Each structure stands twice: as structure tokens, then as C-alpha cells.
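Structure first, commentary second.
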2 protein chains.
Amino acid sequence: MRKGELTRQAILDVAVRMARFNGLSGLTIGSLASACDMSKSGLYAHFRSKEALQLAVMERNSEQFSEEVVRPALAKPRGVARLQALVEFWMQWYAHPGGCLFLAAGAEFDDMTGPLHDQMVSDQRRLLDSLARIAATAVDEGELREDTDVFQVGQEVFGVLLSYNWMSRILSYPDAAERAWTAFNRLIESYRV
Amino acid sequence: MRKGELTRQAILDVAVRMARFNGLSGLTIGSLASACDMSKSGLYAHFRSKEALQLAVMERNSEQFSEEVVRPALAKPRGVARLQALVEFWMQWYAHPGGCLFLAAGAEFDDMTGPLHDQMVSDQRRLLDSLARIAATAVDEGELREDTDVFQVGQEVFGVLLSYNWMSRILSYPDAAERAWTAFNRLIESYRV
DNA sequence: CACTTGAAAGCACGATCGTGCTATTTTCGG
DNA sequence: CCGAAAATAGCACGATCGTGCTTTCAAGTG
């Protein structure tokens with residue numbers, strides 16, 4: 001039926017927003033239900049376990065990341081411009097109220113086993129692959145050196161992003177963004193042809 | 001009395017180890033009590049609220065960081081060698097079973113208010129200050145350029161560390177450490193006189 | 001419009017959470 | 001070694017957790 005899928009998506013949107021604040025473990029069915037103006041059991045029926053709900057939330061979060069970060073970056077011309085756009089949208093992504101759900105999930109499930117851990121890892125791998133793939137277009141376009149290790153670039157750019165997130169979100173350093181761009185530019189320069 | 005303080009410390013050591021896995025919110029008094037072979041109320045009497053317990057755990061964690069990371073680095077000669085040692089010990093710190101409690105706490109309390117948030121932020125600030133201060137010794141020794149912004153260095157080095165932690169702990173990339181050192185060395189070279 | 005099917009609510013369950021109060025045991029100073 | 005004080009255990013409380021079962025209400029189909 002159609003109505004069910006509709007409210008299911010509405011629930012997931014609320015759930016993603018809530019999970020950004022307290023993580024996927026902190027996401028509770030009771031509080032989610034009241035945030036959706038539903039009964040616990042009414043909401044619960046859409047997902048038949050908490051784990052299934054959490055998996056659906058992670059999936060929805062990944063979709064939003066693709067829509068808000070990856071896709072807009074792919075609209076830019078291949079090369080350093082695209083990589084820079086990716087970083088820019090990624091930094092905006094980190095500014096979501098409550099922060100980044102990927103980072104929260106990573107901290108929560110790093111040492112666990114099970115579907116949630118596996119899903120988190122594969123999501124995270126996709127993110128890093130996107131990064132490396134876009135860096136590779138800069139090599140293809142002749143902007144970065146031929147022998148560039150794009151995974152090395154990926155790890156370093158990701159470091160710039162993580163550090164920016166930490167400095168701005170937790171430490172509230174006002175020049176975190178400026179310093180992140182300084183770091184990014186130096187990084188790119190050192191790989192330029 | 002003396003016995004009380006002794007078991008209190010023993011409890012905190014267990015608590016720190018447990019909190020690395022499930023965070024400070026995931027740390028529960030019941031499970032901690034049974035891990036210490038104590039009754040819930042017996043343990044609870046040492047800290048008179050869960051928040052006080054969590055604060056004590058954070059404090060104990062900071063002490064351990066100083067002992068295992070900062071102090072050993074300070075034993076090295078001032079300059080790049082000391083900075084490099086700091087990074088090395090810091091990377092070993094991340095290898096603790098369950099991961100880094102600072103990072104977990106940061107993800108948990110970033111958007112909260114209250115003593116736990118404040119304690120977490122000030123702990124984190126001290127970490128970054130240590131980093132910048134040690135980088136400053138490299139400037140003093142004439143190894144890095146006079147006009148070096150040591151907080152910029154701090155943010156970038158911290159990025160290398162965070163990225164390493166993510167790649168090795170969550171993504172299990174085997175060459176994460178090697179890439180981290182590559183990044184660190186390029187970073188330092190770009191600041192050398 | 002009836003009928004079937006799905007969506008939502010109501011209610012109850014066992015478990016566990018943090019937190020008090022009251023005993024009981026252990027420690028330690030005189 | 002004895003009495004005071006501290007450390008620990010026992011027990012109970014209200015609240016909330018995830019999860020089922022049953023019933024009511026709405027939606028879509030013939």
C-alpha cells in the first residue's frame with residue numbers, strides 16, 4: 001500500500017534528525033514515536049525490530065549524503081574544482097544540527113559486530129571511495145601528478161575534514177574553516193604537476 | 001579512609017576500559033558493578049550520581065593520556081623529534097581496545113549542555129594545546145619557520161591523527177599507519193625552514 | 001458500496017535503568 | 001580489642017526500554 005511507505009519515510013526523516021544528536025543507540029522508539037505524534041506500537045509496526053529501524057536510518061542518512069554532498073560535487077567540472085566542491089559541501093554537511101551521523105555511528109559501532117557495524121563500515125568505505133574517485137579525476141585531467149596515490153590523497157583530505165569538524169563543532173574555534181582551507185590548499189599544491 | 005579511595009580507583013580503571021567500548025552514556029552502573037564484583041548500591045555510594053561517575057571516568061582518562069602520551073613525548077628532545085614522538089604515542093593510544101574515549105565523548109556530548117560537555121571540551125582543548133605547545137618548541141629550536149602558525153600545525157596534525165584512527169579502526173585499512181606518517185612528514189617538510 | 005487488507009492504537013510483559021533507604025559487614029583509630 | 005565510622009549489600013521505587021498481542025480505524029479494490 002502507499003500510505004504506509006509514506007509515513008515510513010516521514011518517520012525516517014525525523015529519526016535521522018534525532019539520531020544526529022544522540023546517535024543510533026540513543027535513538028529510542030518511545031521518543032521517536034512521540035516526536036512523530038504516533039503511538040509506540042504504531043511506529044514499531046513499520047520496522048519490526050529496533051535494529052531494522054537503525055539500519056533504515058543509516059540507509060536514509062546515506063541517501064541524504066549522496067543528495068547533499070556527492071551529487072552536487074559531481075555537477076562540477078572534473079578535477080581539482082570538483083574535489084574542492086566536494087570538500088565544501090562536506091563541510092556544510094558537518095554543520096547539520098546535531099552533527100554527522102556517520103561519525104556518530106562510527107564511534108558507536110567500531111568495536112561491535114553484527115549488521116549495524118557492517119552497514120556502517122560499508123557506508124564509510126563508499127564515502128572514502130567517492131573521495132578517491134574524485135581525486136582521480138584530477139589526475140586524469142592532468143592537474144595532479146601522474147604518480148599520485150589517490151587513496152593517500154583521500155586519507156589526507158579526510159583528515160582535513162575530520163579535524164575541521166572537531167575544531168568547529170566541539171572546540172568552537174572560529175577560524176577552523178579558514179585553517180581547513182589553508183590545509184586543503186597546501187595539500188593540493190604538494191600534489192600538483 | 002584509605003580502603004574506599006583504593007576501590008574507587010579500581011572501579012574507575014575498570015570503568016575507563018568499559019567506556020571505551022560503549023561510551024560514557026553506554027556505561028551502565030549495573031554492568032560496571034558486576035564487572036567489579038560489587039553490588040550496584042555498593043558501587044553507587046562511591047559516586048553519588050551517574051554524572052559524577054562519568055566525570056570521574058573522564059578525569060581518569062585524561063590522567064592516563066598524560067601518562068601514556070604527553071609525558072613520554074616530553075622526555076624527548078625539544079623540536080620535531082618531540083612532535084614526532086607525540087604523534088607516535090598518540091597513535092598507540094588510539095590502539096587501545098575499544099578506541100579513544102576522548103573521541104567517543106566528543107561524539108556523545110557535542111550538542112549537549114552541562115558539566116559533562118564542559119569537561120569534555122576543556123579536556124579536548126588541553127590536548128590541542130599540548131600539540132601546539134610542542135610544535136612551538138620546534139619553532140624555538142629553529143627547525144620550523146619563524147612565522148609558523150602553531151595552531152595551524154596543530155589542526156593539521158590532529159587531522160592526520162583523526163584520519164589515521166578512522167582508517168585503521170573503522171575501515172581496517174592495513175596501510176593507514178604508513179599513510180599517516182607520509183602525511184605527517186609532508187606536513188612537517190612544508191613548514192621547515 | 002461492501003469487503004478485504006493494511007495502518008495505527010491500546011495495553012501488557014519482563015528487563016533494566018538510576019536512585020534512594022536501611023541493614024550489615026569491614027575497616028581502622030584509641 | 002572495642003567502639004566509631006566507613007564501606008558494602010539488600011531491597012524497593014518509579015520510569016523507560018524493546019517487543020509482542022489484540023483491537024479499532026482507515027484505505028484501496030472489486
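For the C-alpha cells, the naming scheme is as follows: chains receive sequential letters (A, B, ...) according to their order of presentation, residues are indexed from 1 within each chain, and ligands are indexed from 1 in presentation order.
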Exercise: DA9 (chain C) partners within 12 Å, only C-alpha atoms (C1' of nucleotides), chain neighbours under 4 positions left out, as number ranges by chain: A: 37-45; D: 22-25
Using N, CA and C atoms (P, O5', C5', C4', C3', O3' and C1' of nucleotides), can you write the selected residues to a file as a PDB file, in the first residue's frame?
```pdb
ATOM      1  N   ASP A  37       4.249  12.074  16.666  1.00  0.00           N
ATOM      2  CA  ASP A  37       2.836  12.052  17.058  1.00  0.00           C
ATOM      3  C   ASP A  37       2.201  10.711  16.727  1.00  0.00           C
ATOM      4  N   MET A  38       2.907   9.673  17.122  1.00  0.00           N
ATOM      5  CA  MET A  38       2.365   8.330  16.895  1.00  0.00           C
ATOM      6  C   MET A  38       2.483   7.535  18.192  1.00  0.00           C
ATOM      7  N   SER A  39       1.802   6.415  18.214  1.00  0.00           N
ATOM      8  CA  SER A  39       1.976   5.510  19.344  1.00  0.00           C
ATOM      9  C   SER A  39       3.214   4.661  19.109  1.00  0.00           C
ATOM     10  N   LYS A  40       3.793   4.187  20.198  1.00  0.00           N
ATOM     11  CA  LYS A  40       4.972   3.340  20.085  1.00  0.00           C
ATOM     12  C   LYS A  40       4.714   2.158  19.159  1.00  0.00           C
ATOM     13  N   SER A  41       3.603   1.470  19.404  1.00  0.00           N
ATOM     14  CA  SER A  41       3.344   0.251  18.637  1.00  0.00           C
ATOM     15  C   SER A  41       3.018   0.562  17.181  1.00  0.00           C
ATOM     16  N   GLY A  42       2.355   1.703  16.964  1.00  0.00           N
ATOM     17  CA  GLY A  42       2.052   2.088  15.594  1.00  0.00           C
ATOM     18  C   GLY A  42       3.308   2.317  14.783  1.00  0.00           C
ATOM     19  N   LEU A  43       4.263   2.978  15.394  1.00  0.00           N
ATOM     20  CA  LEU A  43       5.533   3.224  14.718  1.00  0.00           C
ATOM     21  C   LEU A  43       6.329   1.931  14.586  1.00  0.00           C
ATOM     22  N   TYR A  44       6.302   1.177  15.662  1.00  0.00           N
ATOM     23  CA  TYR A  44       7.113  -0.054  15.702  1.00  0.00           C
ATOM     24  C   TYR A  44       6.728  -1.020  14.583  1.00  0.00           C
ATOM     25  N   ALA A  45       5.458  -0.991  14.202  1.00  0.00           N
ATOM     26  CA  ALA A  45       4.974  -1.930  13.189  1.00  0.00           C
ATOM     27  C   ALA A  45       5.669  -1.720  11.840  1.00  0.00           C
TER      28      ALA A  45
ATOM     29  P    DT D  22      -3.647 -12.675  20.540  1.00  0.00           P
ATOM     30  O5'  DT D  22      -4.715 -11.516  20.734  1.00  0.00           O
ATOM     31  C5'  DT D  22      -4.738 -10.787  21.973  1.00  0.00           C
ATOM     32  C4'  DT D  22      -5.567  -9.530  21.804  1.00  0.00           C
ATOM     33  C3'  DT D  22      -6.730  -9.655  20.823  1.00  0.00           C
ATOM     34  O3'  DT D  22      -7.900  -9.102  21.405  1.00  0.00           O
ATOM     35  C1'  DT D  22      -5.394  -7.802  20.248  1.00  0.00           C
ATOM     36  P    DT D  23      -9.347  -9.223  20.657  1.00  0.00           P
ATOM     37  O5'  DT D  23      -9.599  -7.684  20.288  1.00  0.00           O
ATOM     38  C5'  DT D  23      -9.430  -6.696  21.306  1.00  0.00           C
ATOM     39  C4'  DT D  23      -9.379  -5.311  20.686  1.00  0.00           C
ATOM     40  C3'  DT D  23     -10.544  -4.973  19.750  1.00  0.00           C
ATOM     41  O3'  DT D  23     -11.090  -3.715  20.143  1.00  0.00           O
ATOM     42  C1'  DT D  23      -8.493  -4.433  18.733  1.00  0.00           C
ATOM     43  P    DT D  24     -12.565  -3.289  19.583  1.00  0.00           P
ATOM     44  O5'  DT D  24     -12.228  -1.998  18.712  1.00  0.00           O
ATOM     45  C5'  DT D  24     -11.580  -0.887  19.349  1.00  0.00           C
ATOM     46  C4'  DT D  24     -10.923  -0.018  18.289  1.00  0.00           C
ATOM     47  C3'  DT D  24     -11.876   0.564  17.232  1.00  0.00           C
ATOM     48  O3'  DT D  24     -11.623   1.949  17.127  1.00  0.00           O
ATOM     49  C1'  DT D  24     -10.017  -0.393  16.184  1.00  0.00           C
ATOM     50  P    DC D  25     -12.790   2.905  16.505  1.00  0.00           P
ATOM     51  O5'  DC D  25     -12.043   3.605  15.280  1.00  0.00           O
ATOM     52  C5'  DC D  25     -10.700   4.057  15.446  1.00  0.00           C
ATOM     53  C4'  DC D  25      -9.995   4.040  14.106  1.00  0.00           C
ATOM     54  C3'  DC D  25     -10.808   4.610  12.943  1.00  0.00           C
ATOM     55  O3'  DC D  25     -10.074   5.660  12.345  1.00  0.00           O
ATOM     56  C1'  DC D  25      -9.766   2.584  12.326  1.00  0.00           C
TER      57       DC D  25
END
```
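Proximity to Glu5 (chain A) at 12 Å, evaluated using only C-alpha atoms (C1' of nucleotides) and with sequence-adjacent residues fewer than 3 positions away removed, yields Met1, Arg2, Arg8, Gln9, Ala10, Ile11, Leu12, Leu43, Ala45, His46 and Phe47 of chain A; DG6 and DA7 of chain C.
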Those residues you just picked out, can you put them in a file as a short mmCIF file (atom, residue, chain, number, x, y, z; two decimals), in the first residue's frame with all heavy atoms?
```cif
data_model
loop_
_atom_site.label_atom_id
_atom_site.label_comp_id
_atom_site.auth_asym_id
_atom_site.auth_seq_id
_atom_site.Cartn_x
_atom_site.Cartn_y
_atom_site.Cartn_z
N MET A 1 0.84 -1.21 0.00
CA MET A 1 0.00 0.00 0.00
C MET A 1 0.87 1.26 0.00
O MET A 1 2.04 1.23 0.24
CB MET A 1 -0.90 -0.01 1.23
CG MET A 1 -2.09 -0.95 1.10
SD MET A 1 -3.50 -0.27 1.90
CE MET A 1 -4.81 -1.24 1.16
N ARG A 2 0.24 2.39 -0.27
CA ARG A 2 1.05 3.59 -0.44
C ARG A 2 1.18 4.43 0.84
O ARG A 2 2.23 4.98 1.11
CB ARG A 2 0.49 4.44 -1.56
CG ARG A 2 1.59 5.21 -2.27
CD ARG A 2 1.21 5.67 -3.66
NE ARG A 2 0.12 6.62 -3.68
CZ ARG A 2 -1.17 6.29 -3.82
NH1 ARG A 2 -1.53 5.02 -3.91
NH2 ARG A 2 -2.09 7.23 -3.86
N ARG A 8 6.34 5.91 6.63
CA ARG A 8 7.63 5.31 6.94
C ARG A 8 8.77 6.26 6.61
O ARG A 8 9.70 6.44 7.38
CB ARG A 8 7.79 4.01 6.15
CG ARG A 8 8.94 3.14 6.62
CD ARG A 8 9.18 2.00 5.64
NE ARG A 8 10.60 1.80 5.41
CZ ARG A 8 11.31 0.83 5.95
NH1 ARG A 8 10.74 -0.03 6.76
NH2 ARG A 8 12.59 0.72 5.71
N GLN A 9 8.68 6.88 5.46
CA GLN A 9 9.72 7.84 5.08
C GLN A 9 9.70 9.06 6.00
O GLN A 9 10.75 9.59 6.36
CB GLN A 9 9.53 8.29 3.61
CG GLN A 9 9.82 7.20 2.59
CD GLN A 9 11.23 6.66 2.70
OE1 GLN A 9 12.17 7.38 3.04
NE2 GLN A 9 11.40 5.36 2.46
N ALA A 10 8.49 9.50 6.35
CA ALA A 10 8.40 10.65 7.26
C ALA A 10 9.03 10.33 8.60
O ALA A 10 9.76 11.14 9.18
CB ALA A 10 6.93 11.04 7.43
N ILE A 11 8.77 9.12 9.08
CA ILE A 11 9.39 8.69 10.34
C ILE A 11 10.92 8.71 10.22
O ILE A 11 11.62 9.23 11.09
CB ILE A 11 8.92 7.26 10.70
CG1 ILE A 11 7.44 7.27 11.08
CG2 ILE A 11 9.74 6.71 11.84
CD1 ILE A 11 6.86 5.87 11.22
N LEU A 12 11.42 8.18 9.10
CA LEU A 12 12.86 8.09 8.95
C LEU A 12 13.52 9.46 8.90
O LEU A 12 14.62 9.66 9.42
CB LEU A 12 13.21 7.28 7.68
CG LEU A 12 13.01 5.78 7.83
CD1 LEU A 12 13.33 5.06 6.54
CD2 LEU A 12 13.86 5.24 8.96
N LEU A 43 4.26 2.98 15.39
CA LEU A 43 5.53 3.22 14.72
C LEU A 43 6.33 1.93 14.59
O LEU A 43 6.91 1.65 13.53
CB LEU A 43 6.33 4.25 15.51
CG LEU A 43 7.64 4.75 14.92
CD1 LEU A 43 7.84 6.21 15.23
CD2 LEU A 43 8.82 3.94 15.41
N ALA A 45 5.46 -0.99 14.20
CA ALA A 45 4.97 -1.93 13.19
C ALA A 45 5.67 -1.72 11.84
O ALA A 45 5.76 -2.65 11.05
CB ALA A 45 3.46 -1.79 13.04
N HIS A 46 6.16 -0.51 11.59
CA HIS A 46 6.80 -0.23 10.30
C HIS A 46 8.16 -0.92 10.18
O HIS A 46 8.54 -1.34 9.09
CB HIS A 46 6.97 1.28 10.12
CG HIS A 46 5.70 1.98 9.77
ND1 HIS A 46 5.25 2.09 8.47
CD2 HIS A 46 4.77 2.58 10.52
CE1 HIS A 46 4.11 2.75 8.46
NE2 HIS A 46 3.78 3.05 9.69
N PHE A 47 8.84 -0.98 11.26
CA PHE A 47 10.11 -1.69 11.33
C PHE A 47 9.83 -2.78 12.35
O PHE A 47 9.15 -2.55 13.31
CB PHE A 47 11.20 -0.75 11.81
CG PHE A 47 11.05 0.63 11.26
CD1 PHE A 47 10.25 1.56 11.90
CD2 PHE A 47 11.66 0.99 10.08
CE1 PHE A 47 10.08 2.82 11.39
CE2 PHE A 47 11.49 2.25 9.57
CZ PHE A 47 10.70 3.18 10.22
P DG C 6 -2.18 -6.73 3.19
OP1 DG C 6 -1.29 -7.14 2.10
OP2 DG C 6 -2.37 -7.60 4.36
"O5'" DG C 6 -1.70 -5.29 3.71
"C5'" DG C 6 -1.92 -4.14 2.91
"C4'" DG C 6 -2.11 -2.92 3.79
"O4'" DG C 6 -3.37 -3.03 4.52
"C3'" DG C 6 -1.02 -2.74 4.86
"O3'" DG C 6 -0.67 -1.37 4.92
"C2'" DG C 6 -1.72 -3.18 6.14
"C1'" DG C 6 -3.13 -2.71 5.88
N9 DG C 6 -4.16 -3.38 6.66
C8 DG C 6 -4.37 -4.73 6.80
N7 DG C 6 -5.38 -5.02 7.57
C5 DG C 6 -5.87 -3.79 7.97
C6 DG C 6 -6.97 -3.48 8.81
O6 DG C 6 -7.73 -4.24 9.38
N1 DG C 6 -7.12 -2.10 8.95
C2 DG C 6 -6.31 -1.16 8.35
N2 DG C 6 -6.60 0.12 8.59
N3 DG C 6 -5.29 -1.45 7.56
C4 DG C 6 -5.13 -2.77 7.41
P DA C 7 0.65 -0.95 5.65
OP1 DA C 7 1.59 -0.45 4.63
OP2 DA C 7 1.03 -2.06 6.54
"O5'" DA C 7 0.19 0.28 6.56
"C5'" DA C 7 -0.78 1.18 6.07
"C4'" DA C 7 -1.39 1.94 7.23
"O4'" DA C 7 -2.39 1.11 7.88
"C3'" DA C 7 -0.40 2.35 8.31
"O3'" DA C 7 -0.73 3.66 8.74
"C2'" DA C 7 -0.63 1.32 9.41
"C1'" DA C 7 -2.12 1.06 9.27
N9 DA C 7 -2.57 -0.27 9.71
C8 DA C 7 -2.02 -1.47 9.39
N7 DA C 7 -2.67 -2.49 9.91
C5 DA C 7 -3.69 -1.91 10.63
C6 DA C 7 -4.74 -2.47 11.41
N6 DA C 7 -4.90 -3.76 11.61
N1 DA C 7 -5.60 -1.60 11.98
C2 DA C 7 -5.43 -0.29 11.79
N3 DA C 7 -4.50 0.34 11.06
C4 DA C 7 -3.65 -0.54 10.51
#
```
Contact set, chain B to chain C: 8 Å, only C-alpha atoms (C1' of nucleotides), as a PyMOL selection string: chain B and resi 3+49-50
Those of region 89-179 of chain B in DSSP helix (DSSP H, G or I), formatted as JSON, numbers by chain: {"B": [89, 90, 91, 92, 93, 94, 101, 102, 103, 104, 105, 106, 107, 108, 109, 115, 116, 117, 118, 119, 120, 121, 122, 123, 124, 125, 126, 127, 128, 129, 130, 131, 132, 133, 134, 135, 136, 137, 138, 139, 140, 150, 151, 152, 153, 154, 155, 156, 157, 158, 159, 160, 161, 162, 163, 164, 165, 166, 167, 168, 169, 170, 176, 177, 178, 179]}
Residue list for chain A near chain B as JSON, numbers by chain, 10 Å, only C-alpha atoms: {"A": [20, 21, 22, 23, 25, 26, 97, 98, 99, 100, 101, 103, 104, 105, 106, 107, 108, 109, 110, 111, 112, 117, 120, 121, 122, 124, 125, 128, 151, 152, 153, 154, 155, 156, 157, 158, 159, 160, 161, 162, 163, 164, 165, 166, 167, 169, 170, 171, 172, 175, 176, 178, 179, 180, 182, 183, 184, 186, 187, 190]}
Rows by chain and residue number, chain D within 8 Å of chain B, shortest pair, only C-alpha atoms (C1' of nucleotides), as a tab-separated table:
```
residue	atom	partner	partner_atom	distance
D:DA6	C1'	B:Met1	CA	7.2
D:DA7	C1'	B:Gly4	CA	6.7
D:DT8	C1'	B:Gly42	CA	4.8
D:DA9	C1'	B:Ser39	CA	6.4
```
Write out, as a PDB file, in the first residue's frame, the residues just selected, with N, CA and C atoms (P, O5', C5', C4', C3', O3' and C1' of nucleotides).
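Result went into result-v6.pdb, see below:
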```pdb
ATOM      1  P    DA D   6      33.279   8.464  58.574  1.00  0.00           P
ATOM      2  O5'  DA D   6      33.820   7.604  57.346  1.00  0.00           O
ATOM      3  C5'  DA D   6      35.000   6.828  57.518  1.00  0.00           C
ATOM      4  C4'  DA D   6      34.854   5.498  56.824  1.00  0.00           C
ATOM      5  C3'  DA D   6      34.245   5.558  55.415  1.00  0.00           C
ATOM      6  O3'  DA D   6      35.075   4.825  54.550  1.00  0.00           O
ATOM      7  C1'  DA D   6      33.175   3.905  56.689  1.00  0.00           C
ATOM      8  P    DA D   7      34.960   4.950  52.998  1.00  0.00           P
ATOM      9  O5'  DA D   7      34.557   3.468  52.582  1.00  0.00           O
ATOM     10  C5'  DA D   7      35.289   2.375  53.093  1.00  0.00           C
ATOM     11  C4'  DA D   7      34.539   1.075  52.874  1.00  0.00           C
ATOM     12  C3'  DA D   7      33.953   0.911  51.458  1.00  0.00           C
ATOM     13  O3'  DA D   7      34.311  -0.375  50.983  1.00  0.00           O
ATOM     14  C1'  DA D   7      32.284   0.527  53.084  1.00  0.00           C
ATOM     15  P    DT D   8      34.086  -0.705  49.429  1.00  0.00           P
ATOM     16  O5'  DT D   8      32.740  -1.553  49.484  1.00  0.00           O
ATOM     17  C5'  DT D   8      32.753  -2.790  50.176  1.00  0.00           C
ATOM     18  C4'  DT D   8      31.342  -3.242  50.454  1.00  0.00           C
ATOM     19  C3'  DT D   8      30.465  -3.485  49.225  1.00  0.00           C
ATOM     20  O3'  DT D   8      30.406  -4.880  48.978  1.00  0.00           O
ATOM     21  C1'  DT D   8      29.259  -2.571  51.074  1.00  0.00           C
ATOM     22  P    DA D   9      29.486  -5.452  47.791  1.00  0.00           P
ATOM     23  O5'  DA D   9      28.113  -5.795  48.540  1.00  0.00           O
ATOM     24  C5'  DA D   9      28.154  -6.579  49.723  1.00  0.00           C
ATOM     25  C4'  DA D   9      26.754  -6.759  50.284  1.00  0.00           C
ATOM     26  C3'  DA D   9      25.699  -7.178  49.255  1.00  0.00           C
ATOM     27  O3'  DA D   9      24.928  -8.237  49.791  1.00  0.00           O
ATOM     28  C1'  DA D   9      24.993  -5.230  50.402  1.00  0.00           C
TER      29       DA D   9
END
```
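Here CA of Trp181 (chain A) stands at a distance of 15.7 Å from CA of Trp93 (chain A).
When only C-alpha atoms are used to compute distances to Arg71 (chain A), the closest of the residues A:Leu55, A:Met91, A:Pro115, A:Ile134 turns out to be A:Ile134.
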